[in-house]
Each structure stands twice: as structure tokens, then as C-alpha cells.
Amino acid sequence: MFSENNKKSGCIEVVCGSMFSGKTEELIRRLRRAQFANQKIAIFKPKVDTRYSEEEVVSHDFHSITSKPVSDAAEMLSIAEDIQVVGVDEAQFFGANLVDVAQTLANRGVRVIIAGLDTDFLGKPFGPMPALMAVAEDVQKVHAICVKCGNLANHSHRLSKSEDLVVLGEKDIYEPLCRECYNAAMAEEKK
Ligand code: ZN
């Protein structure tokens, strides 16, 4: 879709969906393809995500790629001059300034690929994701499979009762559900 030659043409791409939808796998696929083309890449994730490794973006099926954990999106602006592609994983946990940071990088000619949850466990737009989707050149929604009925799932249903939004995606805490099964599960919990 986008030119992947070495001519500088900045853009923002967003890959989003529920837990277990393959967002991180898709991010890694795009970054690896850029690496094969000898493009210089940098990968960031929020410091809050320490599930598996401080240094790597790791998907649920353990494909990984080395990343730098940062506590503020603004730290991404200090990347080296020759970086052509910037990947961001778990972008929903960054602050609203990620939008400006992504725009600044894209305006400099960097291809910015952002992966994150589009909605939280209540089904509400998550952090900077809706604004990023608005300004992006390209948005891809990826889907999990509903564990109850097998339809495409776009909800991350929380099985635990924690009120903390920063509970991260483990199989024992979340399950992917379609709209209908999510609504049924939420109605059941309200009883
Ligand atoms: Zn379903």
C-alpha cells in the first residue's frame, strides 16, 4: 500500500484490535519486512508493560523483536537521524502526547507504525488510540475469534474484577468476545 523504498515519505499506520487479535504479530511482521529491506528501525513500548521482558516486544506466540521501554512518548523524538521506521507497541498506555510525537516523526519523513488496543475492557476508546486513528494514513483493525461463538471478536472481556485499567493481557484475565457475546456477558455481570 505504502511505498517501502528508501525515499523519505513519512506516514502513520495504526494496527488495532482486541486482546489476542494479532496486533503485535502484525507490527512485528511490518518491522521485519522493513529490516529485510535494510531500513533502520527503532521500536518503543511503554515502561508499564513488563510482562515478559524489559527489552523486547513479545507477542503471545513468543515472536519477539528488541524494543526500548520509555516512560514518556516524547523520548521517541531523540531517535537517531537515520531511523526510517518507528514501531510502537501497547500504544494505548502512552499519554495523549503520543499523537503529536507520531505527527512530528511522520513530518520528518519517518514511517510510524503503531499497535495498540482500540478499546478498554469497558468497550471505551483507549488512551491516544482514537486520535491516532484519526490522523493516520492507514488503519488496520485486526480481530480475535470469539471464544464463545467463533465469530470475529473485537471486545476484550475482563474475567478478573480488578478496577485497574493497566491490567495487561494474559489468557487467564481476558477473553476475546464478539459484540453479542460481550453484551451478554456484561448483562450477566450486572445481575
Ligand atoms: Zn460471540
# chains A, B, ... in the order shown; residues from 1 in each chain; ligands from 1
>>> select_by_dssp(residues="range 37-156 of chain A", states="helix (DSSP H, G or I)", output="list in words")
Ala73, Ala74, Glu75, Met76, Leu77, Ser78, Ala91, Gln92, Phe93, Asn97, Leu98, Val99, Asp100, Val101, Ala102, Gln103, Thr104, Leu105, Ala106, Asn107, Met129, Pro130, Ala131, Leu132, Met133, Ala134 and Val135 of chain A
>>> residues_around(residues="Leu117 in chain A", least_positions_apart="4", cutoff="8 Å", atoms="only C-alpha atoms", output="list of chain:residue names")
A:Cys16, A:Gly17, A:Ser18, A:Met19, A:Glu90, A:Ala91, A:Gln92, A:Phe126, A:Met129
>>> write_last_selection(atoms="N, CA and C atoms", output="PDB file, in the first residue's frame")
ATOM      1  N   CYS A  16      -4.826  -1.993  15.159  1.00  0.00           N
ATOM      2  CA  CYS A  16      -5.502  -2.067  16.453  1.00  0.00           C
ATOM      3  C   CYS A  16      -6.548  -3.169  16.470  1.00  0.00           C
ATOM      4  N   GLY A  17      -6.925  -3.543  17.666  1.00  0.00           N
ATOM      5  CA  GLY A  17      -7.914  -4.599  17.852  1.00  0.00           C
ATOM      6  C   GLY A  17      -7.938  -5.001  19.312  1.00  0.00           C
ATOM      7  N   SER A  18      -8.637  -6.079  19.599  1.00  0.00           N
ATOM      8  CA  SER A  18      -8.779  -6.538  20.980  1.00  0.00           C
ATOM      9  C   SER A  18      -7.548  -7.346  21.393  1.00  0.00           C
ATOM     10  N   MET A  19      -7.572  -7.839  22.617  1.00  0.00           N
ATOM     11  CA  MET A  19      -6.570  -8.801  23.054  1.00  0.00           C
ATOM     12  C   MET A  19      -6.619 -10.022  22.125  1.00  0.00           C
ATOM     13  N   GLU A  90       1.761  -1.564  22.332  1.00  0.00           N
ATOM     14  CA  GLU A  90       0.955  -1.242  23.516  1.00  0.00           C
ATOM     15  C   GLU A  90       0.748   0.271  23.626  1.00  0.00           C
ATOM     16  N   ALA A  91       0.466   0.888  22.481  1.00  0.00           N
ATOM     17  CA  ALA A  91       0.393   2.350  22.399  1.00  0.00           C
ATOM     18  C   ALA A  91      -0.717   2.942  23.263  1.00  0.00           C
ATOM     19  N   GLN A  92      -1.714   2.131  23.601  1.00  0.00           N
ATOM     20  CA  GLN A  92      -2.840   2.659  24.399  1.00  0.00           C
ATOM     21  C   GLN A  92      -2.402   3.168  25.765  1.00  0.00           C
ATOM     22  N   PHE A 126      -9.519   3.735  23.853  1.00  0.00           N
ATOM     23  CA  PHE A 126      -8.450   3.588  24.834  1.00  0.00           C
ATOM     24  C   PHE A 126      -7.333   4.613  24.595  1.00  0.00           C
ATOM     25  N   MET A 129      -5.402   6.146  21.307  1.00  0.00           N
ATOM     26  CA  MET A 129      -5.692   5.369  20.089  1.00  0.00           C
ATOM     27  C   MET A 129      -6.705   6.032  19.160  1.00  0.00           C
TER      28      MET A 129
END
>>> residues_near_ligand(ligand="ligand 1", cutoff="8 Å", atoms="only C-alpha atoms and all ligand atoms", output="PDB file with N, CA, C and O atoms, in the first residue's frame")
ATOM      1  N   CYS A 146     -14.039 -14.941  18.700  1.00  0.00           N
ATOM      2  CA  CYS A 146     -14.853 -15.007  19.919  1.00  0.00           C
ATOM      3  C   CYS A 146     -14.763 -16.411  20.515  1.00  0.00           C
ATOM      4  O   CYS A 146     -15.040 -17.405  19.833  1.00  0.00           O
ATOM      5  N   VAL A 147     -14.381 -16.490  21.808  1.00  0.00           N
ATOM      6  CA  VAL A 147     -14.197 -17.810  22.427  1.00  0.00           C
ATOM      7  C   VAL A 147     -15.530 -18.502  22.693  1.00  0.00           C
ATOM      8  O   VAL A 147     -15.575 -19.696  22.950  1.00  0.00           O
ATOM      9  N   LYS A 148     -16.626 -17.721  22.627  1.00  0.00           N
ATOM     10  CA  LYS A 148     -17.933 -18.338  22.894  1.00  0.00           C
ATOM     11  C   LYS A 148     -18.627 -18.846  21.633  1.00  0.00           C
ATOM     12  O   LYS A 148     -19.286 -19.873  21.658  1.00  0.00           O
ATOM     13  N   CYS A 149     -18.512 -18.096  20.516  1.00  0.00           N
ATOM     14  CA  CYS A 149     -19.308 -18.483  19.340  1.00  0.00           C
ATOM     15  C   CYS A 149     -18.499 -18.608  18.046  1.00  0.00           C
ATOM     16  O   CYS A 149     -19.032 -19.078  17.042  1.00  0.00           O
ATOM     17  N   GLY A 150     -17.254 -18.182  18.052  1.00  0.00           N
ATOM     18  CA  GLY A 150     -16.435 -18.357  16.853  1.00  0.00           C
ATOM     19  C   GLY A 150     -16.535 -17.241  15.835  1.00  0.00           C
ATOM     20  O   GLY A 150     -15.865 -17.269  14.805  1.00  0.00           O
ATOM     21  N   ASN A 151     -17.381 -16.234  16.072  1.00  0.00           N
ATOM     22  CA  ASN A 151     -17.408 -15.061  15.186  1.00  0.00           C
ATOM     23  C   ASN A 151     -16.175 -14.197  15.436  1.00  0.00           C
ATOM     24  O   ASN A 151     -15.424 -14.424  16.378  1.00  0.00           O
ATOM     25  N   LEU A 152     -15.980 -13.183  14.597  1.00  0.00           N
ATOM     26  CA  LEU A 152     -14.869 -12.260  14.830  1.00  0.00           C
ATOM     27  C   LEU A 152     -15.119 -11.496  16.121  1.00  0.00           C
ATOM     28  O   LEU A 152     -16.233 -11.034  16.381  1.00  0.00           O
ATOM     29  N   ALA A 153     -14.077 -11.364  16.937  1.00  0.00           N
ATOM     30  CA  ALA A 153     -14.204 -10.688  18.228  1.00  0.00           C
ATOM     31  C   ALA A 153     -13.525  -9.336  18.185  1.00  0.00           C
ATOM     32  O   ALA A 153     -12.420  -9.224  17.663  1.00  0.00           O
ATOM     33  N   LEU A 177     -14.256 -11.525  22.850  1.00  0.00           N
ATOM     34  CA  LEU A 177     -15.667 -11.824  22.569  1.00  0.00           C
ATOM     35  C   LEU A 177     -16.175 -10.948  21.431  1.00  0.00           C
ATOM     36  O   LEU A 177     -15.711  -9.818  21.241  1.00  0.00           O
ATOM     37  N   CYS A 178     -17.158 -11.445  20.692  1.00  0.00           N
ATOM     38  CA  CYS A 178     -17.844 -10.626  19.691  1.00  0.00           C
ATOM     39  C   CYS A 178     -18.805  -9.674  20.412  1.00  0.00           C
ATOM     40  O   CYS A 178     -19.007  -9.782  21.620  1.00  0.00           O
ATOM     41  N   ARG A 179     -19.389  -8.769  19.674  1.00  0.00           N
ATOM     42  CA  ARG A 179     -20.292  -7.779  20.260  1.00  0.00           C
ATOM     43  C   ARG A 179     -21.434  -8.438  21.045  1.00  0.00           C
ATOM     44  O   ARG A 179     -21.721  -8.076  22.189  1.00  0.00           O
ATOM     45  N   GLU A 180     -22.062  -9.426  20.424  1.00  0.00           N
ATOM     46  CA  GLU A 180     -23.236 -10.043  21.040  1.00  0.00           C
ATOM     47  C   GLU A 180     -22.859 -10.787  22.331  1.00  0.00           C
ATOM     48  O   GLU A 180     -23.520 -10.636  23.363  1.00  0.00           O
ATOM     49  N   CYS A 181     -21.788 -11.573  22.281  1.00  0.00           N
ATOM     50  CA  CYS A 181     -21.389 -12.340  23.464  1.00  0.00           C
ATOM     51  C   CYS A 181     -20.850 -11.416  24.561  1.00  0.00           C
ATOM     52  O   CYS A 181     -21.036 -11.671  25.752  1.00  0.00           O
ATOM     53  N   TYR A 182     -20.187 -10.307  24.153  1.00  0.00           N
ATOM     54  CA  TYR A 182     -19.702  -9.329  25.131  1.00  0.00           C
ATOM     55  C   TYR A 182     -20.882  -8.686  25.858  1.00  0.00           C
ATOM     56  O   TYR A 182     -20.894  -8.605  27.083  1.00  0.00           O
TER      57      TYR A 182
END
>>> residues_around(residues="Pro46 in chain A", least_positions_apart="6", cutoff="9 Å", atoms="only C-alpha atoms", output="list of chain:residue names")
A:Lys68, A:Pro69, A:Val70, A:Ser71, A:Asp72, A:Ala73, A:Val88, A:Asp89, A:Glu90, A:Ala91, A:Gln92, A:Phe93, A:Phe94
>>> write_last_selection(atoms="N, CA, C and O atoms", output="CSV table (one decimal), in the first residue's frame")
chain,number,residue,atom,x,y,z
A,68,LYS,N,12.7,-0.6,23.0
A,68,LYS,CA,13.2,0.2,24.1
A,68,LYS,C,12.0,0.7,25.0
A,68,LYS,O,11.1,1.3,24.4
A,69,PRO,N,11.9,0.3,26.2
A,69,PRO,CA,10.8,0.8,27.1
A,69,PRO,C,11.0,2.3,27.4
A,69,PRO,O,12.1,2.6,27.8
A,70,VAL,N,10.0,3.1,27.2
A,70,VAL,CA,10.1,4.5,27.6
A,70,VAL,C,8.9,4.9,28.4
A,70,VAL,O,7.8,4.4,28.3
A,71,SER,N,9.1,5.9,29.4
A,71,SER,CA,8.0,6.3,30.2
A,71,SER,C,7.2,7.4,29.6
A,71,SER,O,6.1,7.6,30.0
A,72,ASP,N,7.8,8.1,28.7
A,72,ASP,CA,7.1,9.2,28.0
A,72,ASP,C,7.3,9.2,26.5
A,72,ASP,O,8.4,9.0,26.1
A,73,ALA,N,6.2,9.4,25.7
A,73,ALA,CA,6.3,9.3,24.3
A,73,ALA,C,7.4,10.3,23.7
A,73,ALA,O,8.0,10.0,22.7
A,88,VAL,N,5.7,1.2,17.5
A,88,VAL,CA,5.3,1.5,18.9
A,88,VAL,C,4.3,0.4,19.3
A,88,VAL,O,3.3,0.2,18.6
A,89,ASP,N,4.6,-0.4,20.4
A,89,ASP,CA,3.6,-1.4,20.8
A,89,ASP,C,2.9,-1.0,22.1
A,89,ASP,O,3.4,-0.2,22.8
A,90,GLU,N,1.8,-1.6,22.3
A,90,GLU,CA,1.0,-1.2,23.5
A,90,GLU,C,0.7,0.3,23.6
A,90,GLU,O,0.8,0.9,24.7
A,91,ALA,N,0.5,0.9,22.5
A,91,ALA,CA,0.4,2.4,22.4
A,91,ALA,C,-0.7,2.9,23.3
A,91,ALA,O,-0.7,4.1,23.6
A,92,GLN,N,-1.7,2.1,23.6
A,92,GLN,CA,-2.8,2.7,24.4
A,92,GLN,C,-2.4,3.2,25.8
A,92,GLN,O,-3.1,4.0,26.4
A,93,PHE,N,-1.2,2.7,26.2
A,93,PHE,CA,-0.8,3.1,27.6
A,93,PHE,C,0.0,4.4,27.6
A,93,PHE,O,0.4,4.9,28.6
A,94,PHE,N,0.3,4.9,26.4
A,94,PHE,CA,1.0,6.2,26.3
A,94,PHE,C,0.0,7.4,26.5
A,94,PHE,O,-1.2,7.2,26.4
>>> atom_distance(atom1="CA of Gly127 in chain A", atom2="CA of Glu25 in chain A")
21.1 Å
>>> select_by_dssp(residues="chain A", states="strand (DSSP E or B)", output="PyMOL selection string")
chain A and resi 11-17+41-46+56-58+64-66+68-70+85-88+111-117+119+125+138-141+144-145+152-153+155-158+174-177
>>> residues_around(residues="range 106-109 of chain A", least_positions_apart="6", cutoff="7 Å", atoms="only C-alpha atoms", output="MDAnalysis selection string")
chainID A and resid 8:12
>>> write_last_selection(atoms="N, CA and C atoms", output="mmCIF file, in the first residue's frame")
data_model
loop_
_atom_site.group_PDB
_atom_site.id
_atom_site.type_symbol
_atom_site.label_atom_id
_atom_site.label_comp_id
_atom_site.auth_asym_id
_atom_site.auth_seq_id
_atom_site.Cartn_x
_atom_site.Cartn_y
_atom_site.Cartn_z
ATOM 1 N N LYS A 8 12.391 9.217 1.471
ATOM 2 C CA LYS A 8 11.750 9.636 2.710
ATOM 3 C C LYS A 8 10.296 10.037 2.461
ATOM 4 N N SER A 9 9.356 9.249 2.963
ATOM 5 C CA SER A 9 7.963 9.677 2.917
ATOM 6 C C SER A 9 7.314 9.223 4.211
ATOM 7 N N GLY A 10 7.153 10.159 5.122
ATOM 8 C CA GLY A 10 6.640 9.824 6.435
ATOM 9 C C GLY A 10 5.160 9.506 6.400
ATOM 10 N N CYS A 11 4.732 8.672 7.333
ATOM 11 C CA CYS A 11 3.306 8.370 7.450
ATOM 12 C C CYS A 11 3.065 7.723 8.809
ATOM 13 N N ILE A 12 1.785 7.659 9.156
ATOM 14 C CA ILE A 12 1.386 6.973 10.395
ATOM 15 C C ILE A 12 0.468 5.817 10.022
#
>>> residues_around(residues="range 75-82 of chain A", least_positions_apart="2", cutoff="9 Å", atoms="only C-alpha atoms", output="list in words")
Gln39, Lys40, Ile41, Ala42, Phe44, Val70, Ser71, Asp72, Ala73, Gln84, Val86, Val101, Ala102, Thr104 and Leu105 of chain A
>>> write_last_selection(atoms="C-alpha atoms", output="PDB file, in the first residue's frame")
ATOM      1  CA  GLN A  39      15.745   0.101   6.622  1.00  0.00           C
ATOM      2  CA  LYS A  40      16.815   1.371  10.036  1.00  0.00           C
ATOM      3  CA  ILE A  41      14.136   0.764  12.657  1.00  0.00           C
ATOM      4  CA  ALA A  42      13.501   1.728  16.279  1.00  0.00           C
ATOM      5  CA  PHE A  44       9.300   1.530  21.630  1.00  0.00           C
ATOM      6  CA  VAL A  70      10.111   4.524  27.587  1.00  0.00           C
ATOM      7  CA  SER A  71       8.021   6.257  30.232  1.00  0.00           C
ATOM      8  CA  ASP A  72       7.060   9.216  28.014  1.00  0.00           C
ATOM      9  CA  ALA A  73       6.330   9.274  24.277  1.00  0.00           C
ATOM     10  CA  GLN A  84      13.397   5.325   8.851  1.00  0.00           C
ATOM     11  CA  VAL A  86       9.490   3.609  14.214  1.00  0.00           C
ATOM     12  CA  VAL A 101       5.094  12.765  18.706  1.00  0.00           C
ATOM     13  CA  ALA A 102       3.858  10.492  15.904  1.00  0.00           C
ATOM     14  CA  THR A 104       6.319  15.138  14.347  1.00  0.00           C
ATOM     15  CA  LEU A 105       8.158  11.937  13.373  1.00  0.00           C
TER      16      LEU A 105
END
>>> closest_residue(among="A:Glu13, A:Asp100, A:Glu188, A:Glu175", to="Phe121 in chain A", atoms="only C-alpha atoms")
A:Glu175
>>> closest_residue(among="A:Val14, A:Gly22, A:Leu159, A:Ile173", to="Pro128 in chain A", atoms="only C-alpha atoms")
A:Val14
>>> decode(residues="range 98-114 of chain A", atoms="all heavy atoms", output="CSV table (one decimal), in the first residue's frame")
chain,number,residue,atom,x,y,z
A,98,LEU,N,1.5,11.2,22.6
A,98,LEU,CA,1.9,10.3,21.5
A,98,LEU,C,1.4,10.7,20.1
A,98,LEU,O,2.1,10.5,19.1
A,98,LEU,CB,1.5,8.9,21.8
A,98,LEU,CG,1.8,7.8,20.8
A,98,LEU,CD1,3.3,7.7,20.5
A,98,LEU,CD2,1.3,6.4,21.1
A,99,VAL,N,0.3,11.4,20.1
A,99,VAL,CA,-0.3,11.8,18.8
A,99,VAL,C,0.7,12.9,18.2
A,99,VAL,O,1.0,12.8,17.0
A,99,VAL,CB,-1.7,12.4,19.0
A,99,VAL,CG1,-2.3,12.8,17.7
A,99,VAL,CG2,-2.6,11.4,19.7
A,100,ASP,N,1.1,13.9,19.0
A,100,ASP,CA,2.0,14.9,18.5
A,100,ASP,C,3.3,14.3,18.1
A,100,ASP,O,3.9,14.7,17.1
A,100,ASP,CB,2.2,16.0,19.5
A,100,ASP,CG,0.9,16.9,19.6
A,100,ASP,OD1,0.2,17.0,18.6
A,100,ASP,OD2,0.7,17.5,20.7
A,101,VAL,N,3.8,13.4,19.0
A,101,VAL,CA,5.1,12.8,18.7
A,101,VAL,C,5.1,12.0,17.4
A,101,VAL,O,6.0,12.1,16.5
A,101,VAL,CB,5.5,11.8,19.9
A,101,VAL,CG1,6.7,10.9,19.5
A,101,VAL,CG2,5.8,12.6,21.1
A,102,ALA,N,4.0,11.3,17.2
A,102,ALA,CA,3.9,10.5,15.9
A,102,ALA,C,3.8,11.4,14.7
A,102,ALA,O,4.4,11.2,13.7
A,102,ALA,CB,2.6,9.6,16.0
A,103,GLN,N,3.0,12.5,14.9
A,103,GLN,CA,2.9,13.5,13.8
A,103,GLN,C,4.3,14.1,13.5
A,103,GLN,O,4.7,14.3,12.3
A,103,GLN,CB,1.9,14.6,14.2
A,103,GLN,CG,0.5,14.2,14.3
A,103,GLN,CD,-0.3,14.3,13.0
A,103,GLN,OE1,0.1,13.8,12.0
A,103,GLN,NE2,-1.4,15.0,13.1
A,104,THR,N,5.0,14.5,14.5
A,104,THR,CA,6.3,15.1,14.3
A,104,THR,C,7.3,14.2,13.6
A,104,THR,O,8.0,14.6,12.7
A,104,THR,CB,6.9,15.5,15.7
A,104,THR,OG1,6.0,16.4,16.4
A,104,THR,CG2,8.3,16.2,15.6
A,105,LEU,N,7.3,12.9,14.0
A,105,LEU,CA,8.2,11.9,13.4
A,105,LEU,C,7.8,11.7,11.9
A,105,LEU,O,8.6,11.7,11.0
A,105,LEU,CB,8.1,10.6,14.1
A,105,LEU,CG,8.8,10.6,15.5
A,105,LEU,CD1,8.5,9.3,16.2
A,105,LEU,CD2,10.3,10.8,15.4
A,106,ALA,N,6.5,11.6,11.7
A,106,ALA,CA,6.0,11.4,10.3
A,106,ALA,C,6.3,12.6,9.4
A,106,ALA,O,6.7,12.5,8.3
A,106,ALA,CB,4.5,11.1,10.3
A,107,ASN,N,6.2,13.8,10.0
A,107,ASN,CA,6.5,15.0,9.2
A,107,ASN,C,8.0,15.1,8.9
A,107,ASN,O,8.4,15.7,7.9
A,107,ASN,CB,6.1,16.3,10.0
A,107,ASN,CG,4.6,16.4,10.1
A,107,ASN,OD1,3.9,15.8,9.3
A,107,ASN,ND2,4.1,17.2,11.0
A,108,ARG,N,8.8,14.4,9.7
A,108,ARG,CA,10.3,14.4,9.5
A,108,ARG,C,10.6,13.4,8.4
A,108,ARG,O,11.8,13.2,8.0
A,108,ARG,CB,11.0,13.9,10.7
A,108,ARG,CG,11.4,15.0,11.7
A,108,ARG,CD,12.4,14.3,12.7
A,108,ARG,NE,12.2,14.9,14.0
A,108,ARG,CZ,12.7,14.3,15.2
A,108,ARG,NH1,13.3,13.1,15.1
A,108,ARG,NH2,12.6,14.9,16.3
A,109,GLY,N,9.6,12.6,8.0
A,109,GLY,CA,9.9,11.6,7.0
A,109,GLY,C,9.9,10.1,7.5
A,109,GLY,O,10.2,9.2,6.8
A,110,VAL,N,9.6,10.0,8.8
A,110,VAL,CA,9.6,8.6,9.4
A,110,VAL,C,8.3,7.9,9.2
A,110,VAL,O,7.2,8.5,9.2
A,110,VAL,CB,9.9,8.7,10.9
A,110,VAL,CG1,9.9,7.4,11.6
A,110,VAL,CG2,11.3,9.4,11.1
A,111,ARG,N,8.4,6.6,8.9
A,111,ARG,CA,7.2,5.8,8.8
A,111,ARG,C,6.9,5.3,10.3
A,111,ARG,O,7.8,4.6,10.9
A,111,ARG,CB,7.4,4.6,7.9
A,111,ARG,CG,6.3,3.6,7.8
A,111,ARG,CD,6.7,2.4,6.9
A,111,ARG,NE,5.6,1.4,6.9
A,111,ARG,CZ,5.8,0.1,6.7
A,111,ARG,NH1,7.0,-0.3,6.4
A,111,ARG,NH2,4.8,-0.7,6.7
A,112,VAL,N,5.8,5.7,10.8
A,112,VAL,CA,5.5,5.3,12.2
A,112,VAL,C,4.4,4.3,12.2
A,112,VAL,O,3.3,4.5,11.7
A,112,VAL,CB,5.0,6.6,13.0
A,112,VAL,CG1,4.8,6.3,14.5
A,112,VAL,CG2,6.0,7.7,12.8
A,113,ILE,N,4.7,3.1,12.8
A,113,ILE,CA,3.7,2.0,12.9
A,113,ILE,C,3.3,1.8,14.3
A,113,ILE,O,4.1,1.5,15.2
A,113,ILE,CB,4.3,0.7,12.3
A,113,ILE,CG1,4.9,1.0,10.9
A,113,ILE,CG2,3.2,-0.3,12.2
A,113,ILE,CD1,5.7,-0.2,10.4
A,114,ILE,N,2.0,2.0,14.6
A,114,ILE,CA,1.5,2.0,16.0
A,114,ILE,C,0.6,0.9,16.2
A,114,ILE,O,-0.4,0.7,15.5
A,114,ILE,CB,0.9,3.3,16.3
A,114,ILE,CG1,1.9,4.4,16.3
A,114,ILE,CG2,0.1,3.3,17.6
A,114,ILE,CD1,1.4,5.8,16.4
